[in-house]
Structure formats: structure tokens, C-alpha cells
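Trainee: If it helps, the file is called model.txt and holds compact mmCIF, C-alpha atoms:
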```txt
# COMPACT_ATOMS: atom_id res chain seq x y z
CA MET F 1 113.04 102.10 146.56
CA ARG F 2 116.32 102.33 144.66
CA HIS F 3 117.46 98.93 145.88
CA LEU F 4 114.19 97.38 144.69
CA VAL F 5 114.69 98.81 141.22
CA VAL F 6 118.23 97.43 141.14
CA ILE F 7 117.00 94.00 142.22
CA PHE F 8 114.23 94.14 139.65
CA GLU F 9 116.78 94.90 136.94
CA GLU F 10 118.73 91.86 138.07
CA VAL F 11 115.57 89.77 137.83
CA MET F 12 115.07 90.95 134.27
CA LYS F 13 118.68 90.14 133.37
CA ILE F 14 118.35 86.66 134.78
CA LYS F 15 115.07 86.22 132.96
CA CYS F 16 116.80 87.12 129.68
CA VAL F 17 119.61 84.66 130.40
CA ILE F 18 117.16 81.86 131.14
CA TYR F 19 115.06 82.71 128.11
CA SER F 20 118.08 82.57 125.79
CA LEU F 21 119.48 79.37 127.26
CA LYS F 22 116.16 77.56 126.85
CA LYS F 23 116.93 77.41 123.17
CA PHE F 24 120.05 75.38 123.81
CA ARG F 25 119.25 73.39 126.93
CA ARG F 26 115.93 71.69 127.44
CA ASP F 27 116.93 70.18 130.73
CA SER F 28 116.66 73.17 133.12
CA GLU F 29 117.59 71.07 136.12
CA LEU F 30 120.92 70.18 134.56
CA PHE F 31 121.54 73.87 133.80
CA PHE F 32 120.88 75.02 137.35
CA GLU F 33 122.91 72.12 138.73
CA LYS F 34 125.92 73.46 136.83
CA ASN F 35 125.19 77.08 137.76
CA LYS F 36 124.64 77.03 141.50
CA LYS F 37 125.00 80.79 142.00
CA ILE F 38 122.36 81.68 139.41
CA SER F 39 120.07 78.94 140.72
CA ASN F 40 120.27 80.20 144.31
CA LEU F 41 119.77 83.83 143.28
CA VAL F 42 116.71 82.99 141.20
CA LEU F 43 115.16 80.99 144.07
CA THR F 44 115.86 83.83 146.52
CA LEU F 45 114.21 86.39 144.26
CA LEU F 46 111.23 84.16 143.51
CA ASN F 47 110.65 83.69 147.25
CA ASN F 48 110.54 87.44 147.79
CA SER F 49 106.89 88.23 147.06
CA ASN F 50 107.38 92.01 147.27
CA ILE F 51 109.89 91.96 144.43
CA MET F 52 107.65 89.81 142.26
CA ILE F 53 104.65 92.06 142.93
CA LEU F 54 106.76 95.06 141.94
CA ALA F 55 107.82 93.30 138.75
CA MET F 56 104.21 92.45 137.88
CA GLU F 57 103.08 96.03 138.51
CA ILE F 58 105.74 97.36 136.16
CA MET F 59 104.76 94.86 133.48
CA ILE F 60 101.08 95.79 133.81
CA ALA F 61 101.95 99.49 133.68
CA LYS F 62 103.80 98.83 130.43
CA GLY F 63 100.60 97.36 128.96
CA SER F 64 102.58 94.49 127.47
CA ASP F 65 103.92 91.09 128.37
CA ILE F 66 107.29 92.22 127.01
CA VAL F 67 109.57 94.36 129.16
CA ILE F 68 112.72 95.52 127.40
CA THR F 69 115.48 97.85 128.49
CA ASN F 70 115.95 101.36 127.15
CA ARG F 71 118.96 100.22 125.15
CA GLN F 72 116.92 97.43 123.58
CA LYS F 73 114.21 99.95 122.73
CA GLU F 74 116.78 102.14 121.02
CA ILE F 75 118.12 99.17 119.06
CA LEU F 76 114.63 98.06 118.00
CA LYS F 77 113.72 101.61 116.94
CA VAL F 78 116.89 101.92 114.83
CA ILE F 79 116.28 98.56 113.15
CA VAL F 80 112.61 99.27 112.37
CA GLU F 81 113.24 102.76 110.98
CA GLU F 82 116.33 101.73 109.00
CA TYR F 83 114.53 98.73 107.50
CA ILE F 84 111.55 100.93 106.60
CA LYS F 85 113.95 103.25 104.79
CA THR F 86 116.12 100.69 102.95
CA ALA F 87 114.22 97.37 102.88
CA LYS F 88 117.56 95.74 103.80
CA ALA F 89 118.46 93.73 106.89
CA VAL F 90 120.15 95.88 109.53
CA SER F 91 123.59 94.82 110.75
CA SER F 92 125.05 95.23 114.23
CA ASN F 93 127.79 97.44 112.75
CA HIS F 94 125.22 99.95 111.54
CA ILE F 95 123.61 100.08 114.98
CA CYS F 96 127.03 100.50 116.64
CA LYS F 97 127.64 103.65 114.60
CA LYS F 98 124.23 105.01 115.55
CA LEU F 99 124.29 104.22 119.27
CA LYS F 100 128.04 104.30 119.95
CA CYS F 101 128.06 100.82 121.52
CA SER F 102 130.37 97.85 121.06
CA SER F 103 129.48 95.32 118.41
CA ALA F 104 129.41 92.50 120.97
CA THR F 105 126.91 94.38 123.15
CA ILE F 106 124.62 95.07 120.19
CA ARG F 107 124.74 91.45 119.02
CA ASN F 108 123.82 90.19 122.49
CA GLU F 109 120.91 92.61 122.70
CA MET F 110 119.74 91.61 119.21
CA VAL F 111 119.72 87.96 120.28
CA ILE F 112 117.47 88.86 123.23
CA LEU F 113 115.14 90.87 121.00
CA GLU F 114 115.01 87.94 118.60
CA ASP F 115 114.18 85.58 121.47
CA TYR F 116 111.33 87.91 122.43
CA GLY F 117 110.01 87.58 118.89
CA LEU F 118 110.60 91.25 118.04
CA LEU F 119 113.28 90.60 115.41
CA GLU F 120 113.83 87.99 112.72
CA LYS F 121 116.84 86.79 110.78
CA ASN F 122 116.93 87.55 107.09
CA HIS F 123 117.54 84.36 105.11
CA PHE F 124 119.27 86.20 102.29
CA ALA F 125 121.60 88.51 104.23
CA SER F 126 123.20 88.99 107.61
CA GLY F 127 121.53 91.30 110.08
CA ARG F 128 118.00 91.42 111.45
CA ILE F 129 114.62 92.68 110.29
CA PRO F 130 111.56 93.52 112.39
CA SER F 131 108.96 90.82 112.93
CA GLU F 132 105.24 91.58 112.92
CA LYS F 133 105.44 91.67 116.69
CA GLY F 134 108.38 94.07 116.45
CA TYR F 135 106.47 96.45 114.19
CA LYS F 136 103.53 96.35 116.58
CA TYR F 137 105.75 97.11 119.58
CA TYR F 138 107.33 99.98 117.64
CA VAL F 139 103.93 101.43 116.72
CA ASP F 140 102.52 101.12 120.24
CA ASN F 141 105.57 102.22 122.24
CA LEU F 142 108.33 103.86 120.21
CA MET F 143 106.83 105.73 117.26
CA THR F 144 106.05 109.45 117.27
CA PRO F 145 104.24 111.17 114.35
CA LYS F 146 106.70 112.77 111.96
CA ASN F 147 106.50 116.50 111.24
CA MET F 148 105.03 117.08 107.80
CA THR F 149 107.26 118.63 105.17
CA GLY F 150 106.30 122.01 103.76
CA GLU F 151 105.90 120.40 100.33
CA ASP F 152 103.43 117.78 101.57
CA MET F 153 101.46 120.40 103.51
CA LEU F 154 101.30 122.74 100.52
CA LYS F 155 99.93 120.01 98.23
CA LEU F 156 97.10 119.26 100.66
CA GLN F 157 96.39 122.92 101.44
CA THR F 158 95.87 123.52 97.72
CA ILE F 159 93.01 121.02 97.85
CA PHE F 160 91.47 122.25 101.11
CA HIS F 161 91.50 125.89 99.94
CA ASN F 162 89.86 125.08 96.58
CA ASN F 163 86.32 126.34 97.16
CA SER F 164 85.10 124.90 93.87
CA LEU F 165 85.45 121.34 95.22
CA ASP F 166 82.65 119.70 97.18
CA LEU F 167 83.41 117.44 100.15
CA ASN F 168 83.55 114.21 98.13
CA ASP F 169 85.98 115.67 95.62
CA THR F 170 88.13 117.16 98.40
CA ILE F 171 88.43 113.76 100.11
CA LYS F 172 89.18 111.94 96.86
CA ARG F 173 91.83 114.46 95.80
CA SER F 174 93.39 114.32 99.28
CA ILE F 175 93.84 110.56 99.29
CA GLU F 176 95.18 110.66 95.75
CA ILE F 177 97.86 113.10 96.93
CA VAL F 178 98.70 110.88 99.93
CA SER F 179 98.96 107.89 97.61
CA GLU F 180 101.20 109.83 95.24
CA ILE F 181 103.66 111.09 97.88
CA THR F 182 103.87 107.82 99.84
CA ASN F 183 103.59 105.21 97.05
CA TYR F 184 100.98 103.40 99.14
CA THR F 185 97.38 102.56 98.27
CA ALA F 186 94.75 104.93 99.66
CA VAL F 187 91.03 104.20 99.87
CA VAL F 188 88.05 106.21 101.04
CA LEU F 189 85.02 104.29 102.26
CA GLY F 190 81.96 106.51 102.37
CA ASN F 191 78.50 105.54 103.46
CA ALA F 192 77.00 103.49 100.65
CA SER F 193 74.66 105.55 98.45
CA SER F 194 72.03 102.91 99.18
CA SER F 195 72.00 104.07 102.82
CA ASN F 196 71.24 107.68 101.80
CA LYS F 197 67.69 108.47 100.69
CA LEU F 198 66.56 111.52 98.78
CA MET F 199 64.72 113.90 101.10
CA LYS F 200 64.32 116.99 98.93
CA VAL F 201 65.41 118.68 95.71
CA GLU F 202 65.59 122.45 95.43
CA VAL F 203 66.70 124.75 92.61
CA VAL F 204 67.81 128.37 92.44
CA PRO F 205 67.72 130.07 89.02
CA LEU F 206 71.02 131.82 88.24
CA ASP F 207 70.93 132.89 84.58
CA ASP F 208 68.65 132.09 81.71
CA ASP F 209 70.59 128.91 80.99
CA LYS F 210 71.94 128.01 84.45
CA ILE F 211 70.38 126.77 87.69
CA LEU F 212 71.81 125.76 91.06
CA SER F 213 70.47 122.36 92.08
CA ILE F 214 70.50 121.39 95.75
CA VAL F 215 70.05 117.75 96.76
CA ILE F 216 69.36 116.92 100.41
CA THR F 217 69.40 113.38 101.84
CA ASP F 218 67.81 111.94 104.98
CA LYS F 219 71.32 111.70 106.51
CA GLY F 220 71.68 115.48 106.36
CA ILE F 221 74.05 115.41 103.39
CA VAL F 222 73.66 118.47 101.17
CA GLN F 223 75.14 118.49 97.67
CA HIS F 224 74.90 121.39 95.25
CA LYS F 225 75.77 121.63 91.60
CA ILE F 226 75.40 124.26 88.91
CA LEU F 227 73.49 122.78 85.96
CA SER F 228 73.71 124.21 82.46
CA LEU F 229 70.59 124.05 80.32
CA PRO F 230 71.17 123.75 76.54
CA THR F 231 68.30 126.16 75.86
CA VAL F 232 66.44 128.83 77.76
CA VAL F 233 63.77 127.29 79.98
CA SER F 234 61.19 129.23 81.93
CA LYS F 235 61.34 129.32 85.71
CA GLU F 236 57.81 127.95 85.83
CA GLU F 237 58.78 124.83 83.88
CA ILE F 238 61.79 124.27 86.13
CA LYS F 239 59.57 124.63 89.20
CA LYS F 240 57.04 122.09 87.88
CA THR F 241 59.81 119.58 87.11
CA VAL F 242 61.24 119.86 90.62
CA GLU F 243 57.77 119.46 92.15
CA LEU F 244 57.25 116.29 90.09
CA ILE F 245 60.60 114.85 91.16
CA ASN F 246 59.90 115.61 94.83
CA LYS F 247 56.46 114.01 94.54
CA LEU F 248 57.61 110.75 92.92
CA VAL F 249 61.23 110.26 93.94
CA VAL F 250 61.58 111.50 97.56
CA GLY F 251 62.36 108.59 99.90
CA THR F 252 64.26 106.68 97.21
CA PRO F 253 67.82 105.48 97.93
CA ILE F 254 70.28 107.72 96.05
CA ASN F 255 71.64 104.83 94.01
CA GLU F 256 68.11 104.06 92.73
CA VAL F 257 67.06 107.62 91.83
CA SER F 258 68.24 107.41 88.21
CA GLU F 259 66.25 104.21 87.71
CA LYS F 260 63.13 105.75 89.24
CA LEU F 261 63.48 108.83 87.02
CA GLU F 262 63.73 106.52 84.00
CA TYR F 263 60.65 104.42 84.76
CA GLU F 264 58.34 106.74 86.71
CA VAL F 265 59.17 110.34 85.82
CA LYS F 266 60.16 110.08 82.15
CA PRO F 267 56.86 108.53 80.94
CA ILE F 268 54.72 111.35 82.41
CA ILE F 269 56.92 114.47 82.51
CA LYS F 270 55.70 115.54 79.05
CA ASP F 271 52.21 115.95 80.59
CA TYR F 272 53.56 118.62 82.96
CA VAL F 273 56.10 120.64 80.99
CA SER F 274 56.61 121.44 77.31
CA GLN F 275 60.43 121.36 77.36
CA TYR F 276 60.41 118.00 79.10
CA GLU F 277 63.30 116.45 77.16
CA VAL F 278 65.80 119.17 78.12
CA LEU F 279 64.71 119.21 81.77
CA TYR F 280 64.58 115.42 82.14
CA ASN F 281 68.04 114.89 80.66
CA THR F 282 69.54 117.67 82.80
CA PHE F 283 68.21 116.28 86.08
CA TYR F 284 68.88 112.66 85.10
CA ASP F 285 72.55 113.42 84.41
CA ALA F 286 72.84 115.41 87.65
CA PHE F 287 71.41 112.59 89.78
CA HIS F 288 73.53 109.98 88.03
CA GLU F 289 76.67 112.02 88.80
CA PHE F 290 75.54 112.59 92.39
CA SER F 291 74.94 108.86 92.89
CA SER F 292 78.38 108.01 91.46
CA ALA F 293 80.04 110.60 93.71
CA ASN F 294 78.46 108.92 96.73
CA GLU F 295 79.53 105.38 95.91
CA ASP F 296 81.11 103.86 98.97
CA VAL F 297 84.62 103.14 97.62
CA HIS F 298 87.29 105.19 95.89
CA PHE F 299 90.91 104.07 95.45
CA GLY F 300 94.06 106.07 94.94
CA GLY F 301 97.21 104.29 93.76
CA ARG F 302 95.58 100.87 93.67
CA ASN F 303 98.62 99.36 91.93
CA ASN F 304 101.24 101.04 94.12
CA MET F 305 102.08 97.68 95.70
CA LEU F 306 103.95 96.93 92.48
CA LYS F 307 106.46 99.63 93.45
CA GLN F 308 107.41 98.00 96.76
CA PRO F 309 110.56 95.81 96.66
CA GLU F 310 109.09 93.11 98.92
CA PHE F 311 106.31 92.53 96.38
CA SER F 312 108.42 91.59 93.36
CA ASN F 313 106.64 88.23 93.22
CA ILE F 314 103.76 88.78 90.80
CA ASP F 315 101.62 86.05 92.36
CA LYS F 316 101.86 87.71 95.76
CA VAL F 317 100.90 91.07 94.23
CA LYS F 318 97.89 89.52 92.49
CA GLU F 319 96.79 87.98 95.78
CA ILE F 320 97.06 91.31 97.60
CA LEU F 321 95.29 93.28 94.86
CA SER F 322 92.45 90.76 94.85
CA LYS F 323 92.06 91.34 98.59
CA PHE F 324 91.26 95.00 97.89
CA ASP F 325 87.89 93.85 96.55
CA ASP F 326 87.06 92.65 100.06
CA ILE F 327 86.25 96.15 101.27
CA ASP F 328 84.23 94.82 104.20
CA SER F 329 87.49 93.59 105.76
CA ILE F 330 88.85 97.14 105.84
CA SER F 331 85.57 98.66 106.99
CA ASN F 332 85.02 96.11 109.76
CA MET F 333 88.47 96.32 111.36
CA LYS F 334 87.82 96.85 115.04
CA GLU F 335 88.67 100.38 116.11
CA GLU F 336 90.30 100.97 119.46
CA ASP F 337 89.49 104.69 119.54
CA ASN F 338 88.06 107.51 117.45
CA GLY F 339 91.45 108.72 116.29
CA ILE F 340 93.89 106.98 113.97
CA ASN F 341 94.13 103.20 114.18
CA ILE F 342 97.03 101.04 112.98
CA TYR F 343 96.72 97.38 112.00
CA VAL F 344 99.87 95.36 111.35
CA GLY F 345 100.05 92.16 109.29
CA SER F 346 97.56 89.56 110.49
CA GLU F 347 95.55 92.26 112.31
CA THR F 348 94.39 93.60 108.93
CA LYS F 349 92.47 90.41 108.03
CA LEU F 350 93.64 91.07 104.46
CA THR F 351 97.06 89.41 104.35
CA ASP F 352 100.02 89.07 106.72
CA ASP F 353 102.17 91.09 104.30
CA VAL F 354 100.49 94.50 104.66
CA SER F 355 99.59 97.10 107.26
CA VAL F 356 96.58 99.40 107.30
CA ILE F 357 96.28 102.84 108.91
CA LYS F 358 92.75 104.22 109.00
CA THR F 359 90.68 107.01 110.47
CA LYS F 360 87.03 108.01 110.37
CA TYR F 361 85.57 111.39 109.45
CA ASN F 362 82.20 112.98 110.10
CA ILE F 363 81.59 116.25 108.26
CA ASN F 364 78.12 117.80 108.47
CA GLY F 365 76.60 114.37 109.00
CA GLU F 366 78.50 112.72 106.17
CA GLU F 367 80.54 109.83 107.55
CA GLY F 368 83.27 107.75 106.04
CA THR F 369 86.65 106.12 106.53
CA ILE F 370 90.03 106.90 105.00
CA ALA F 371 92.53 104.03 104.96
CA ILE F 372 96.13 103.79 103.78
CA ILE F 373 97.37 100.32 102.81
CA GLY F 374 101.06 99.56 102.45
CA PRO F 375 103.68 96.95 103.24
CA LYS F 376 104.45 96.20 106.89
CA ARG F 377 107.59 98.20 106.14
CA MET F 378 105.56 101.39 105.78
CA GLU F 379 106.40 104.84 107.13
CA TYR F 380 103.92 104.67 110.00
CA ASP F 381 105.01 108.00 111.51
CA ARG F 382 104.61 109.88 108.22
CA VAL F 383 101.24 108.33 107.31
CA VAL F 384 99.83 109.05 110.78
CA ALA F 385 100.87 112.70 110.42
CA LEU F 386 99.27 112.95 106.96
CA LEU F 387 95.99 111.38 108.06
CA ASP F 388 95.88 113.55 111.15
CA TYR F 389 96.35 116.65 108.99
CA ILE F 390 93.59 115.59 106.57
CA LYS F 391 91.21 114.70 109.39
CA ASN F 392 91.75 118.09 111.06
CA ASN F 393 91.33 120.08 107.86
CA LEU F 394 88.40 118.36 106.14
CA GLY F 395 85.38 120.62 106.14
CA GLY F 396 87.29 123.54 107.61
CA GLU F 397 85.88 124.45 111.01
CA ASN F 398 83.26 121.72 110.72
CA GLY F 399 85.73 118.88 110.57
CA GLU F 400 85.82 116.68 113.59
```
Output the file's structure as C-alpha cells, nothing else.

Mentor:
Amino acid sequence: MRHLVVIFEEVMKIKCVIYSLKKFRRDSELFFEKNKKISNLVLTLLNNSNIMILAMEIMIAKGSDIVITNRQKEILKVIVEEYIKTAKAVSSNHICKKLKCSSATIRNEMVILEDYGLLEKNHFASGRIPSEKGYKYYVDNLMTPKNMTGEDMLKLQTIFHNNSLDLNDTIKRSIEIVSEITNYTAVVLGNASSSNKLMKVEVVPLDDDKILSIVITDKGIVQHKILSLPTVVSKEEIKKTVELINKLVVGTPINEVSEKLEYEVKPIIKDYVSQYEVLYNTFYDAFHEFSSANEDVHFGGRNNMLKQPEFSNIDKVKEILSKFDDIDSISNMKEEDNGINIYVGSETKLTDDVSVIKTKYNINGEEGTIAIIGPKRMEYDRVVALLDYIKNNLGGENGE
């Protein structure tokens, strides 16, 4: 088996040589005519079906049409992570210091990686930067989630342990924190309020001027809020108001409840209760706030793209920010699994200049998506760790 591996490595070396020389010599026959030894070795290896089958099996096992050596992987990883950190092209000298290799060796390997389409030359400086294909290879094969810092974890724990926040507020505050500590744009896409219909309203009297309102939707979402009444209202009047709302408004999409209260409940509520103005205004304001809280989009750090050095061109920034209005593009990105999905450049369907990392949540029947949008030069390992932490802590033991 060892000799097969050695031969396979030779095949790969020859493949790299041929691939590189194609750039300089179109006439392959002339090349092989001048390089008899390489020509004969290639023909011998190609005629050995067992070796080629072995090579194909290894390529398939890799899940990619690109097979690179461990050294090339190390070089690509250094370049991607250094460019993410500095936004500057990475030189061979820098890689030499990291990997303890000769400059000539590194340059040769960088040429091969460039030929594979994993690296690109920077037009404004020497060195190489990752291509879209290089980022994708890094994400799929080389990246490991970064351990969260104690500071990042503490900021999020403060939100998760705040019992006064409902689920919507917890999610919104969480993505705002992620946006703040990463300088990327965060967005939460909940189910549209139009897809949630009012199933039932309940109230629990607390004090003379306070009641606990409970709103239940057909999707199983339960929201509660303490309402303050400006004057003392009898429990009987509160009960009659709730009965009227349940009779006329149940089955209405959440985003249409305020309108239905305005046109169907308001004209007749005075026939049922004497303190109708106080009760109507209290419930109208509560439903309006509930509907707003369940709108399907909330951004954190929408303008953070302005802070990224690669987006100094104002026209490019305007183009990217305008793409944020196309929320369907983010929501409809095909998901490969139920975990955390990464989309690089053209995969985002937004613009080739950004990457998107997104995950879904389902807490007590309430579904939604959290997405982080940043430049292709984003800290993928850090964002994945943050999203994983949020996903595992939302809703406490009920989070999925």
C-alpha cells in the first residue's frame, strides 16, 4: 500500500507541473517531446488503472475536485487567516516565518495554489489574497470554530439571563451584541406577523391598575405583557372587553389586529363597557406593540459595512446596503443542513463582495433565522462560534 501512496504522490506532483506549464505552453506535444522522461512516466502511470482508481477514490473521499498537499493547506490557511486579520496581501516572507520553510518553496506552492484558483494576486501590492474559491475551501476543509472569549460570552449571558426580556427581545438584543463585537451586519428573520393568526386573548388581574395580558397565536406562540391602566377598572369590565375581542378578532392575522380593533371593536365597545375608552386604548396599544415585535425583519449594525476597509468606495457600499432590502434572498438561501450554513460571495445571491453565515431557530413553535452579513474577509470561525452559542442558549432548555 505504501508504494501506491508514493506513486500517487508522484502523480499529483506531475499533475501540478503540467497544470502550471499549461499557462506558458499551449502545445503539449512540443512540451512532452522536449521532456521525454516526464512524458514516459505520465503514460506509464495513466496506463496503470489501479493507480488511477486509487487517485479517483481519494479525490471522491475529499469531496472536492481539488486535492492539495498538507503543506499547501497550511499555506492557504495562513494566507486566509492573515488576510482576514489585516486586509493586506500576504507575502511569501510572512509565510516563511510562520511555517519555517524556504522562500522559494513557499513561492512555488503559492503559484500552484493560484493555478488551482484558490489564491489571487493583489494588483496594488505584492503577495497573494484568497479568492472566493479559496475562502470556500478554507471554510469547508480548514476552519475550526474559534473558542469564545470570556468577554463575548459574558455579554450574551447577560441577555439570556435577563428574565424580563421576552423571546423576541432576547433575539434582537443578541444580534445587536454580535453586530457590535464583530462590526458586521446582523439580521433576524422571524415568521412574518401575517403568517401568525390570533387564537386567543387572556388576562390575569394583578393590581387595581395592572393586568397581565396573554396573547396566543395559531402557531403556538405565546406572548405576555403587563398592561398599566390609567384608572381603576373593574374586573367585570376587563372580562367583557376580552370576550368582545375574542369574539370579533380571533382568526385575524396579527398584523391586521390593530386595524380590526379600529373598525370593528371601537364602534361598538361603548355598548358593552362604561370605561370603553381606557380599555380600548390599552388593548389597541398592546396589540400594536405585539404586531411590531413580530415583524419579520430586524437589523443590527446595518451600516457596519462602512467600517470595512474593502468598502471605501461609497457607490459599492450603497449597492450592498440596497441589497439588504431584498430579504427574500437571505431567507431563500438553500440550506445544506439544520446547523450553521456559510455562503461565500456569489453563493449569497446578494453580491460577490460579501459572505453570509446563517442559522435557524425554533423555540416553542416560534421559528426564525439569524444571519450575519460581512465582507468575504470575515472571521468565519468567530461568527460560527457566536451563532452556535446563541442557538444553544435561546429559550434555555427549550432551545433547539

Trainee: Hey, which of F:Asp381, F:Asp388, F:Glu114, F:Glu289 ends up closest to Thr182 of chain F? Count only C-alpha atoms.

Mentor: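 Result for the nearest residue to Thr182 of chain F: F:Asp381.
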
Trainee: So how far away is atom CA of Glu132 of chain F from atom CA of Gly300 of chain F, in Å?

Mentor: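 If I compute the distance from atom CA of Gly300 of chain F to atom CA of Glu132 of chain F, I get 25.7 Å.
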
Trainee: Please, which residues in segment 333-376 of chain F fall within 9 Å of segment 302-322 of chain F when counting all atoms listed in the file, and what is the closest atom pair and distance in Å to one decimal for each, ordered by chain then residue number, as a Markdown table?

Mentor:
```
| residue | atom | partner | partner_atom | distance |
| --- | --- | --- | --- | --- |
| F:Leu350 | CA | F:Ile320 | CA | 7.7 |
| F:Thr351 | CA | F:Ile320 | CA | 7.0 |
| F:Asp353 | CA | F:Ile320 | CA | 8.4 |
| F:Val354 | CA | F:Ile320 | CA | 8.5 |
| F:Ile373 | CA | F:Met305 | CA | 8.9 |
| F:Gly374 | CA | F:Met305 | CA | 7.1 |
| F:Pro375 | CA | F:Gln308 | CA | 7.6 |
```

Trainee: Atom CA of Thr149 of chain F to atom CA of Tyr389 of chain F: how many Å, to one decimal?

Mentor: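 Computing it gives 11.7 Å between the two atoms.
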
Trainee: For each of F:Met199, F:Val222, F:Ile390, F:Met153, take the minimum atom-to-atom distance to Asp166 of chain F, counting only C-alpha atoms, then give the residue where this is smallest.

Mentor: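 Closest candidate: F:Val222.
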
Trainee: Enter the distance from atom CA of Leu118 of chain F to atom CA of Lys97 of chain F, in Å, rounded to one decimal.

Mentor: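 These atoms are spaced 21.4 Å apart.
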
Trainee: With a distance cut-off of 7 Å and all atoms listed in the file, select the neighbouring residues of Val249 of chain F, excluding the residue or stretch itself and same-chain residues fewer than 4 positions from it, and output the selection as an MDAnalysis selection string.

Mentor: chainID F and resid 245 257 260

Trainee: Could you give me, as a VMD selection string, the residues that have an atom at most 10 Å away from the point (70.4, 123.7, 77.1) in the coordinates of the file, using all atoms listed in the file?

Mentor: chain F and resid 208 to 210 227 to 233 278 to 279 281 to 282

Trainee: Could you check which of F:Val139, F:Ala286, F:Ala385, F:Ala104 is closest to Glu81 of chain F, using all atoms listed in the file?

Mentor: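 Residue with the minimum atom-to-atom distance to Glu81 of chain F: F:Val139.
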
Trainee: Identify, on the basis of only C-alpha atoms, every residue whose closest approach to Thr359 of chain F does not exceed 6 Å; exclude the query and any residue fewer than 6 positions from it along the same chain; express the result as number ranges by chain.

Mentor: F: 340, 369-370

Trainee: With all atoms listed in the file as the basis for distance, which of F:Ile254, F:Leu167, F:Val187, F:Leu198 is at the shortest distance from Ile363 of chain F?

Mentor: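 For Ile363 of chain F, the nearest of the given residues is F:Leu167.
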
Trainee: Could you list, as a ChimeraX atom specification, every residue within 12 Å of Val344 of chain F, counting only C-alpha atoms and ignoring same-chain residues fewer than 5 positions away?

Mentor: /F:130-140,333,349-358,372-378,380

Trainee: May I ask which of the residues F:Glu264, F:Asn162, F:Lys247, F:Asp152 is the closest one to Ser179 of chain F, counting all atoms listed in the file?

Mentor: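 Looking only at the distances to Ser179 of chain F, the closest residue turns out to be F:Asp152.
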
Trainee: Hey, which of F:Phe299, F:Phe287, F:Tyr343, F:Tyr116 ends up closest to Arg173 of chain F? Count only C-alpha atoms.

Mentor: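 Comparing F:Phe299, F:Phe287, F:Tyr343, F:Tyr116 against Arg173 of chain F, the winner is F:Phe299.
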